[in-house]
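Text of the file upload-v6.tsv, holding TSV, C-alpha atoms:
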chain	number	residue	atom	x	y	z
J	1	MET	CA	-88.64	-27.11	11.70
J	2	ALA	CA	-88.58	-29.60	14.54
J	3	ARG	CA	-91.00	-28.86	17.36
J	4	VAL	CA	-89.03	-29.14	20.61
J	5	LEU	CA	-90.95	-29.84	23.83
J	6	LEU	CA	-89.53	-29.67	27.35
J	7	PHE	CA	-91.25	-31.35	30.29
J	8	GLY	CA	-91.02	-31.16	34.08
J	9	ARG	CA	-88.01	-29.40	35.58
J	10	LEU	CA	-86.46	-28.95	32.11
J	11	SER	CA	-89.05	-26.36	31.07
J	12	ASP	CA	-88.61	-24.45	34.35
J	13	LEU	CA	-84.85	-24.48	33.84
J	14	ALA	CA	-85.08	-23.24	30.24
J	15	GLY	CA	-87.90	-20.77	30.82
J	16	TRP	CA	-89.78	-22.15	27.82
J	17	ARG	CA	-91.88	-25.20	27.07
J	18	GLU	CA	-92.08	-25.38	23.31
J	19	ARG	CA	-89.95	-23.99	20.50
J	20	GLU	CA	-89.53	-24.50	16.75
J	21	ILE	CA	-85.91	-25.17	15.82
J	22	GLU	CA	-84.37	-26.06	12.46
J	23	SER	CA	-81.99	-29.01	12.81
J	24	PRO	CA	-81.20	-32.02	10.60
J	25	PHE	CA	-80.18	-34.33	13.46
J	26	LEU	CA	-80.92	-34.81	17.14
J	27	SER	CA	-77.19	-34.43	17.92
J	28	ALA	CA	-77.10	-31.09	16.07
J	29	LEU	CA	-80.20	-29.97	17.95
J	30	ARG	CA	-78.53	-30.79	21.27
J	31	THR	CA	-75.42	-28.82	20.21
J	32	ARG	CA	-77.60	-25.87	19.23
J	33	LEU	CA	-79.60	-25.93	22.49
J	34	THR	CA	-76.37	-26.18	24.50
J	35	ALA	CA	-74.83	-23.22	22.65
J	36	ASP	CA	-77.93	-21.13	23.40
J	37	ASP	CA	-78.19	-22.26	27.03
J	38	PRO	CA	-75.30	-24.31	28.49
J	39	VAL	CA	-77.20	-25.05	31.72
J	40	LEU	CA	-80.12	-26.50	29.75
J	41	GLY	CA	-77.73	-28.42	27.49
J	42	GLU	CA	-76.13	-30.06	30.51
J	43	ALA	CA	-79.53	-30.91	32.00
J	44	LEU	CA	-80.70	-32.47	28.70
J	45	ALA	CA	-77.64	-34.76	28.75
J	46	GLY	CA	-78.15	-35.58	32.44
J	47	PRO	CA	-79.00	-38.97	33.96
J	48	GLY	CA	-82.51	-40.25	33.39
J	49	VAL	CA	-83.43	-37.74	30.68
J	50	GLN	CA	-85.03	-39.57	27.74
J	51	VAL	CA	-85.85	-38.29	24.27
J	52	ALA	CA	-88.96	-39.11	22.24
J	53	LEU	CA	-89.25	-38.40	18.52
J	54	ASP	CA	-92.88	-38.22	17.44
J	55	GLN	CA	-93.78	-39.83	20.77
J	56	VAL	CA	-91.38	-42.80	20.41
J	57	ILE	CA	-88.39	-43.08	22.78
J	58	VAL	CA	-85.05	-43.09	20.91
J	59	ARG	CA	-81.48	-43.67	22.07
J	60	GLY	CA	-78.44	-42.10	20.44
J	61	ASP	CA	-78.64	-39.89	17.37
J	62	ALA	CA	-81.43	-39.76	14.80
J	63	PRO	CA	-82.33	-37.63	11.77
J	64	LEU	CA	-85.09	-35.06	12.29
J	65	GLY	CA	-87.79	-34.52	9.69
J	66	ALA	CA	-89.39	-31.20	8.81
J	67	ARG	CA	-92.23	-31.75	11.31
J	68	THR	CA	-90.59	-34.03	13.90
J	69	GLU	CA	-91.76	-33.52	17.47
J	70	VAL	CA	-88.77	-33.80	19.81
J	71	ALA	CA	-89.65	-34.24	23.49
J	72	PHE	CA	-87.09	-34.18	26.31
J	73	LEU	CA	-88.43	-36.19	29.24
J	74	PRO	CA	-86.82	-35.95	32.70
J	75	PRO	CA	-87.31	-38.82	35.20
J	76	MET	CA	-91.02	-39.54	35.52
J	77	SER	CA	-93.16	-39.73	38.63
J	78	GLY	CA	-96.89	-40.38	38.65
J	79	GLY	CA	-99.41	-41.41	41.30
F	1	MET	CA	-110.25	-47.39	30.01
F	2	ILE	CA	-107.45	-44.91	30.63
F	3	ARG	CA	-108.29	-41.28	31.21
F	4	LEU	CA	-106.37	-38.17	32.24
F	5	THR	CA	-108.43	-35.35	33.67
F	6	PHE	CA	-107.97	-31.78	34.88
F	7	GLU	CA	-111.24	-32.14	36.84
F	8	ALA	CA	-111.69	-33.55	40.37
F	9	PHE	CA	-113.30	-37.00	40.34
F	10	ASP	CA	-115.40	-39.07	42.74
F	11	PRO	CA	-113.79	-42.49	43.30
F	12	GLY	CA	-117.04	-43.91	44.70
F	13	ALA	CA	-118.94	-43.00	41.56
F	14	LEU	CA	-116.17	-44.49	39.40
F	15	LEU	CA	-116.30	-47.75	41.38
F	16	THR	CA	-120.10	-47.96	41.14
F	17	ALA	CA	-119.96	-47.46	37.38
F	18	PHE	CA	-117.09	-49.96	37.02
F	19	CYS	CA	-119.06	-52.69	38.85
F	20	GLN	CA	-122.17	-52.33	36.68
F	21	GLY	CA	-123.24	-55.33	34.61
F	22	ARG	CA	-120.57	-57.78	35.73
F	23	ALA	CA	-122.33	-61.06	36.43
F	24	GLU	CA	-119.25	-63.23	35.76
F	25	VAL	CA	-116.36	-61.20	37.10
F	26	GLY	CA	-116.34	-62.17	40.79
F	27	ALA	CA	-113.72	-59.69	42.00
F	28	VAL	CA	-113.10	-55.97	41.66
F	29	ALA	CA	-110.14	-54.36	43.46
F	30	THR	CA	-109.51	-50.62	43.54
F	31	PHE	CA	-106.86	-48.23	44.71
F	32	THR	CA	-107.38	-44.50	45.23
F	33	GLY	CA	-104.38	-42.27	45.80
F	34	LEU	CA	-104.92	-38.93	47.57
F	35	ALA	CA	-102.66	-35.90	47.36
F	36	ARG	CA	-100.82	-35.56	50.69
F	37	ALA	CA	-100.39	-32.28	52.55
F	38	GLU	CA	-97.02	-33.43	54.03
F	39	ALA	CA	-97.73	-31.47	57.24
F	40	GLY	CA	-98.22	-28.21	55.38
F	41	ALA	CA	-95.18	-28.60	53.11
F	42	THR	CA	-97.45	-29.17	50.11
F	43	GLN	CA	-100.10	-26.55	49.44
F	44	THR	CA	-100.74	-27.75	45.89
F	45	LEU	CA	-99.48	-30.56	43.68
F	46	GLU	CA	-99.08	-29.93	39.99
F	47	LEU	CA	-98.98	-32.84	37.57
F	48	GLU	CA	-97.88	-32.57	33.99
F	49	ALA	CA	-98.44	-35.22	31.30
F	50	TYR	CA	-97.38	-35.53	27.65
F	51	PRO	CA	-100.77	-35.80	25.93
F	52	GLY	CA	-101.00	-38.91	23.76
F	53	PHE	CA	-97.63	-40.29	24.87
F	54	THR	CA	-98.71	-40.64	28.50
F	55	GLU	CA	-101.96	-42.48	27.67
F	56	ALA	CA	-100.14	-44.75	25.20
F	57	ALA	CA	-97.42	-45.64	27.75
F	58	ILE	CA	-100.01	-46.46	30.44
F	59	GLY	CA	-101.99	-48.42	27.82
F	60	LYS	CA	-99.00	-50.70	27.13
F	61	VAL	CA	-98.64	-51.54	30.83
F	62	ALA	CA	-102.40	-52.00	31.12
F	63	ASP	CA	-102.18	-54.57	28.31
F	64	GLN	CA	-99.39	-56.36	30.20
F	65	ALA	CA	-101.56	-56.42	33.32
F	66	ARG	CA	-104.52	-57.80	31.36
F	67	GLY	CA	-102.40	-60.67	30.06
F	68	ARG	CA	-100.37	-61.35	33.17
F	69	PHE	CA	-103.29	-61.40	35.61
F	70	GLY	CA	-106.05	-62.50	33.22
F	71	LEU	CA	-108.09	-59.37	33.88
F	72	ALA	CA	-111.60	-59.05	32.53
F	73	ASP	CA	-111.30	-55.25	32.59
F	74	LEU	CA	-109.46	-52.33	34.16
F	75	GLU	CA	-109.84	-48.61	34.57
F	76	ILE	CA	-107.24	-45.95	35.32
F	77	VAL	CA	-108.15	-42.32	35.96
F	78	HIS	CA	-105.31	-39.89	36.68
F	79	ARG	CA	-105.51	-36.23	37.57
F	80	ILE	CA	-103.29	-33.70	35.85
F	81	GLY	CA	-102.95	-29.98	36.51
F	82	ARG	CA	-103.25	-28.52	40.01
F	83	ILE	CA	-104.44	-30.77	42.83
F	84	ALA	CA	-105.21	-29.76	46.41
F	85	PRO	CA	-104.21	-31.93	49.42
F	86	GLY	CA	-106.86	-34.54	50.16
F	87	GLU	CA	-108.13	-34.70	46.59
F	88	PRO	CA	-108.00	-38.01	44.72
F	89	ILE	CA	-105.09	-38.00	42.30
F	90	VAL	CA	-105.27	-41.54	40.88
F	91	PHE	CA	-107.92	-44.27	40.69
F	92	VAL	CA	-107.21	-47.82	39.54
F	93	ALA	CA	-109.87	-50.54	39.30
F	94	THR	CA	-109.26	-54.11	38.17
F	95	ALA	CA	-111.84	-56.82	37.48
F	96	ALA	CA	-110.94	-60.52	37.49
F	97	GLY	CA	-112.50	-63.90	38.08
F	98	HIS	CA	-111.00	-64.13	41.58
F	99	ARG	CA	-109.68	-61.70	44.17
F	100	ARG	CA	-105.96	-62.57	44.09
F	101	GLU	CA	-105.58	-61.57	40.44
F	102	ALA	CA	-107.60	-58.38	40.98
F	103	PHE	CA	-105.51	-57.33	44.03
F	104	GLU	CA	-102.19	-58.15	42.39
F	105	ALA	CA	-103.01	-56.40	39.13
F	106	CYS	CA	-104.05	-53.27	41.03
F	107	ASP	CA	-100.79	-53.35	43.04
F	108	PHE	CA	-98.73	-53.92	39.85
F	109	LEU	CA	-100.39	-51.02	38.02
F	110	MET	CA	-99.85	-48.64	40.93
F	111	ASP	CA	-96.16	-49.56	41.24
F	112	TYR	CA	-95.77	-48.77	37.55
F	113	LEU	CA	-97.70	-45.50	37.81
F	114	LYS	CA	-95.60	-44.32	40.78
F	115	SER	CA	-92.20	-44.68	39.19
F	116	LYS	CA	-92.43	-45.19	35.42
F	117	ALA	CA	-95.55	-43.52	34.03
F	118	PRO	CA	-94.86	-40.32	32.04
F	119	PHE	CA	-95.95	-37.73	34.58
F	120	TRP	CA	-93.94	-34.93	36.16
F	121	LYS	CA	-94.93	-33.83	39.63
F	122	LYS	CA	-94.26	-30.48	41.21
F	123	GLU	CA	-94.96	-29.66	44.83
F	124	HIS	CA	-95.89	-26.06	45.66
F	125	GLY	CA	-95.19	-25.25	49.32
F	126	PRO	CA	-94.22	-22.37	51.61
F	127	GLY	CA	-90.59	-22.74	50.44
F	128	GLY	CA	-91.53	-22.43	46.75
F	129	PRO	CA	-92.00	-25.08	44.07
F	130	ARG	CA	-90.06	-28.35	44.00
F	131	TRP	CA	-90.02	-31.16	41.40
F	132	ILE	CA	-90.59	-34.62	42.85
F	133	GLU	CA	-88.86	-37.68	41.39
F	134	PRO	CA	-89.54	-41.31	42.31
F	135	SER	CA	-88.14	-42.43	45.66
F	136	ASP	CA	-85.89	-45.48	46.20
F	137	ARG	CA	-88.93	-47.12	47.75
F	138	ASP	CA	-90.93	-46.53	44.53
F	139	HIS	CA	-88.17	-48.17	42.44
F	140	ALA	CA	-87.89	-51.11	44.86
F	141	ASP	CA	-91.67	-51.58	44.74
F	142	LEU	CA	-91.60	-51.80	40.94
F	143	GLN	CA	-88.68	-54.27	40.97
F	144	ARG	CA	-90.79	-56.77	42.95
F	145	TRP	CA	-92.57	-57.58	39.68
F	146	ASP	CA	-89.36	-58.23	37.68
F	147	LYS	CA	-88.92	-61.73	39.11
F	148	ASP	CA	-91.46	-63.23	36.70
F	149	THR	CA	-92.01	-60.89	33.78
F	150	PRO	CA	-90.40	-57.46	33.39
F	151	PRO	CA	-93.09	-54.78	33.63
Entire entry expressed as structure tokens:
Amino acid sequence: MARVLLFGRLSDLAGWREREIESPFLSALRTRLTADDPVLGEALAGPGVQVALDQVIVRGDAPLGARTEVAFLPPMSGG
Amino acid sequence: MIRLTFEAFDPGALLTAFCQGRAEVGAVATFTGLARAEAGATQTLELEAYPGFTEAAIGKVADQARGRFGLADLEIVHRIGRIAPGEPIVFVATAAGHRREAFEACDFLMDYLKSKAPFWKKEHGPGGPRWIEPSDRDHADLQRWDKDTPP
């Protein structure tokens, strides 16, 4: 099971912050999340939203391991 | 040292500790950012980080700053969680042989922290909560440093 984490406005939008989801690929996980919640799915694909697998930013699709941590990161703002 | 904290901190005490035992450094520059009330629009700021990822990302930029400005040392303390207006939210200290490098490194680190560091900021005000994303000014500030070496 991948551990899916949502940050910032994404977690408010979804109404959850962390969830365990079975998925072999990042693309399949996106499809699954979009089927469950189309508004969230659209936001995850929106501009400036990055994805980290086990805390490393990835672009495009990638396989997910049994314990992969998948984090969706909206545009960042510190300070 | 890079530290995220849920607790309020005293920038004066951090500066005093940072300056201890530095006979050869010559220059220490600091920046302290305070949470703004925005004329009552912000009652509380809420900052979220991604534990581990956030420290590692800031650490990479801190390493760039060390190399680029020849820093002897640096310290970054950043609040997370709920922050009241007027409270310090970020503290950056840089130590270098001479003042120019210390000032510039501090400026560089703050520009990075404002627009690229993995934090998510929510403003709680009378109209309800609102997520804040970097302004055009924040992006322009960061681009100043691209002329020589990309941050």
Please list as a list in words every residue within 7 Å of Val92 of chain F, counting only C-alpha atoms and excluding residues in the same chain fewer than 5 positions away.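 So, after excluding close chain neighbours, the residues are Thr30, Phe31, Thr32, Glu75, Ile76, Val77 and Cys106 of chain F.
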When distances are computed from only C-alpha atoms, which of F:Ala62, F:Leu4, F:Leu71, F:Ala49 shows the smallest separation from chain J?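 Counting only C-alpha atoms, the residue closest to chain J is F:Ala49.
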So, with all atoms listed in the file as the atoms that count, which of J:Phe7, J:Ala14, J:Met1, J:Val70 lies closest to Leu40 of chain J?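 Smallest distance to Leu40 of chain J is found for J:Ala14.
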Identify, on the basis of all atoms listed in the file, every residue whose closest approach to segment 22-25 of chain J does not exceed 9 Å; exclude the query and any residue fewer than 4 positions from it along the same chain; express the result as a VMD selection string. chain J and resid 1 to 3 29 to 30 32 61 to 66
Atom CA of Ile80 of chain F to atom CA of Phe108 of chain F, straight-line distance in Å: 21.1 Å
Considering all atoms listed in the file, return as a PyMOL selection string whatever protein or nucleic-acid residues lie within 12 Å of Glu55 of chain F, sequence-local ones (same chain, fewer than 3 positions apart) excluded. (chain J and resi 55) or (chain F and resi 1-5+49-52+58-62+76-78+113+117-119)
Can you fill out segment 49-70 of chain F with N, CA and C atoms and hand it back as a PDB file, in the frame of the given file?
ATOM      1  N   ALA F  49     -98.503 -34.028  32.144  1.00  0.00           N
ATOM      2  CA  ALA F  49     -98.440 -35.220  31.300  1.00  0.00           C
ATOM      3  C   ALA F  49     -98.014 -34.794  29.901  1.00  0.00           C
ATOM      4  N   TYR F  50     -97.683 -35.784  29.069  1.00  0.00           N
ATOM      5  CA  TYR F  50     -97.380 -35.530  27.650  1.00  0.00           C
ATOM      6  C   TYR F  50     -98.559 -36.124  26.890  1.00  0.00           C
ATOM      7  N   PRO F  51     -99.519 -35.281  26.499  1.00  0.00           N
ATOM      8  CA  PRO F  51    -100.770 -35.800  25.930  1.00  0.00           C
ATOM      9  C   PRO F  51    -100.515 -36.764  24.761  1.00  0.00           C
ATOM     10  N   GLY F  52    -101.189 -37.884  24.788  1.00  0.00           N
ATOM     11  CA  GLY F  52    -101.000 -38.910  23.760  1.00  0.00           C
ATOM     12  C   GLY F  52     -99.942 -39.912  24.179  1.00  0.00           C
ATOM     13  N   PHE F  53     -98.745 -39.423  24.457  1.00  0.00           N
ATOM     14  CA  PHE F  53     -97.630 -40.290  24.870  1.00  0.00           C
ATOM     15  C   PHE F  53     -97.935 -40.936  26.224  1.00  0.00           C
ATOM     16  N   THR F  54     -98.446 -40.130  27.155  1.00  0.00           N
ATOM     17  CA  THR F  54     -98.710 -40.640  28.500  1.00  0.00           C
ATOM     18  C   THR F  54     -99.786 -41.734  28.462  1.00  0.00           C
ATOM     19  N   GLU F  55    -100.889 -41.484  27.759  1.00  0.00           N
ATOM     20  CA  GLU F  55    -101.960 -42.480  27.670  1.00  0.00           C
ATOM     21  C   GLU F  55    -101.451 -43.752  26.989  1.00  0.00           C
ATOM     22  N   ALA F  56    -100.635 -43.586  25.929  1.00  0.00           N
ATOM     23  CA  ALA F  56    -100.140 -44.750  25.200  1.00  0.00           C
ATOM     24  C   ALA F  56     -99.216 -45.593  26.094  1.00  0.00           C
ATOM     25  N   ALA F  57     -98.352 -44.919  26.876  1.00  0.00           N
ATOM     26  CA  ALA F  57     -97.420 -45.640  27.750  1.00  0.00           C
ATOM     27  C   ALA F  57     -98.196 -46.405  28.834  1.00  0.00           C
ATOM     28  N   ILE F  58     -99.199 -45.774  29.413  1.00  0.00           N
ATOM     29  CA  ILE F  58    -100.010 -46.460  30.440  1.00  0.00           C
ATOM     30  C   ILE F  58    -100.773 -47.611  29.783  1.00  0.00           C
ATOM     31  N   GLY F  59    -101.237 -47.387  28.547  1.00  0.00           N
ATOM     32  CA  GLY F  59    -101.990 -48.420  27.820  1.00  0.00           C
ATOM     33  C   GLY F  59    -101.163 -49.684  27.610  1.00  0.00           C
ATOM     34  N   LYS F  60     -99.866 -49.522  27.335  1.00  0.00           N
ATOM     35  CA  LYS F  60     -99.000 -50.700  27.130  1.00  0.00           C
ATOM     36  C   LYS F  60     -98.908 -51.514  28.415  1.00  0.00           C
ATOM     37  N   VAL F  61     -98.752 -50.821  29.559  1.00  0.00           N
ATOM     38  CA  VAL F  61     -98.640 -51.540  30.830  1.00  0.00           C
ATOM     39  C   VAL F  61     -99.991 -52.140  31.220  1.00  0.00           C
ATOM     40  N   ALA F  62    -101.063 -51.451  30.864  1.00  0.00           N
ATOM     41  CA  ALA F  62    -102.400 -52.000  31.120  1.00  0.00           C
ATOM     42  C   ALA F  62    -102.586 -53.300  30.339  1.00  0.00           C
ATOM     43  N   ASP F  63    -102.086 -53.341  29.110  1.00  0.00           N
ATOM     44  CA  ASP F  63    -102.180 -54.570  28.310  1.00  0.00           C
ATOM     45  C   ASP F  63    -101.373 -55.697  28.956  1.00  0.00           C
ATOM     46  N   GLN F  64    -100.187 -55.351  29.488  1.00  0.00           N
ATOM     47  CA  GLN F  64     -99.390 -56.360  30.200  1.00  0.00           C
ATOM     48  C   GLN F  64    -100.173 -56.907  31.393  1.00  0.00           C
ATOM     49  N   ALA F  65    -100.802 -55.999  32.128  1.00  0.00           N
ATOM     50  CA  ALA F  65    -101.560 -56.420  33.320  1.00  0.00           C
ATOM     51  C   ALA F  65    -102.727 -57.314  32.923  1.00  0.00           C
ATOM     52  N   ARG F  66    -103.401 -56.973  31.831  1.00  0.00           N
ATOM     53  CA  ARG F  66    -104.520 -57.800  31.360  1.00  0.00           C
ATOM     54  C   ARG F  66    -104.062 -59.226  31.095  1.00  0.00           C
ATOM     55  N   GLY F  67    -102.902 -59.348  30.402  1.00  0.00           N
ATOM     56  CA  GLY F  67    -102.400 -60.670  30.060  1.00  0.00           C
ATOM     57  C   GLY F  67    -101.849 -61.409  31.272  1.00  0.00           C
ATOM     58  N   ARG F  68    -101.058 -60.703  32.053  1.00  0.00           N
ATOM     59  CA  ARG F  68    -100.370 -61.350  33.170  1.00  0.00           C
ATOM     60  C   ARG F  68    -101.321 -61.844  34.251  1.00  0.00           C
ATOM     61  N   PHE F  69    -102.377 -61.055  34.513  1.00  0.00           N
ATOM     62  CA  PHE F  69    -103.290 -61.400  35.610  1.00  0.00           C
ATOM     63  C   PHE F  69    -104.647 -61.894  35.099  1.00  0.00           C
ATOM     64  N   GLY F  70    -104.789 -62.015  33.794  1.00  0.00           N
ATOM     65  CA  GLY F  70    -106.050 -62.500  33.220  1.00  0.00           C
ATOM     66  C   GLY F  70    -107.239 -61.617  33.562  1.00  0.00           C
TER      67      GLY F  70
END
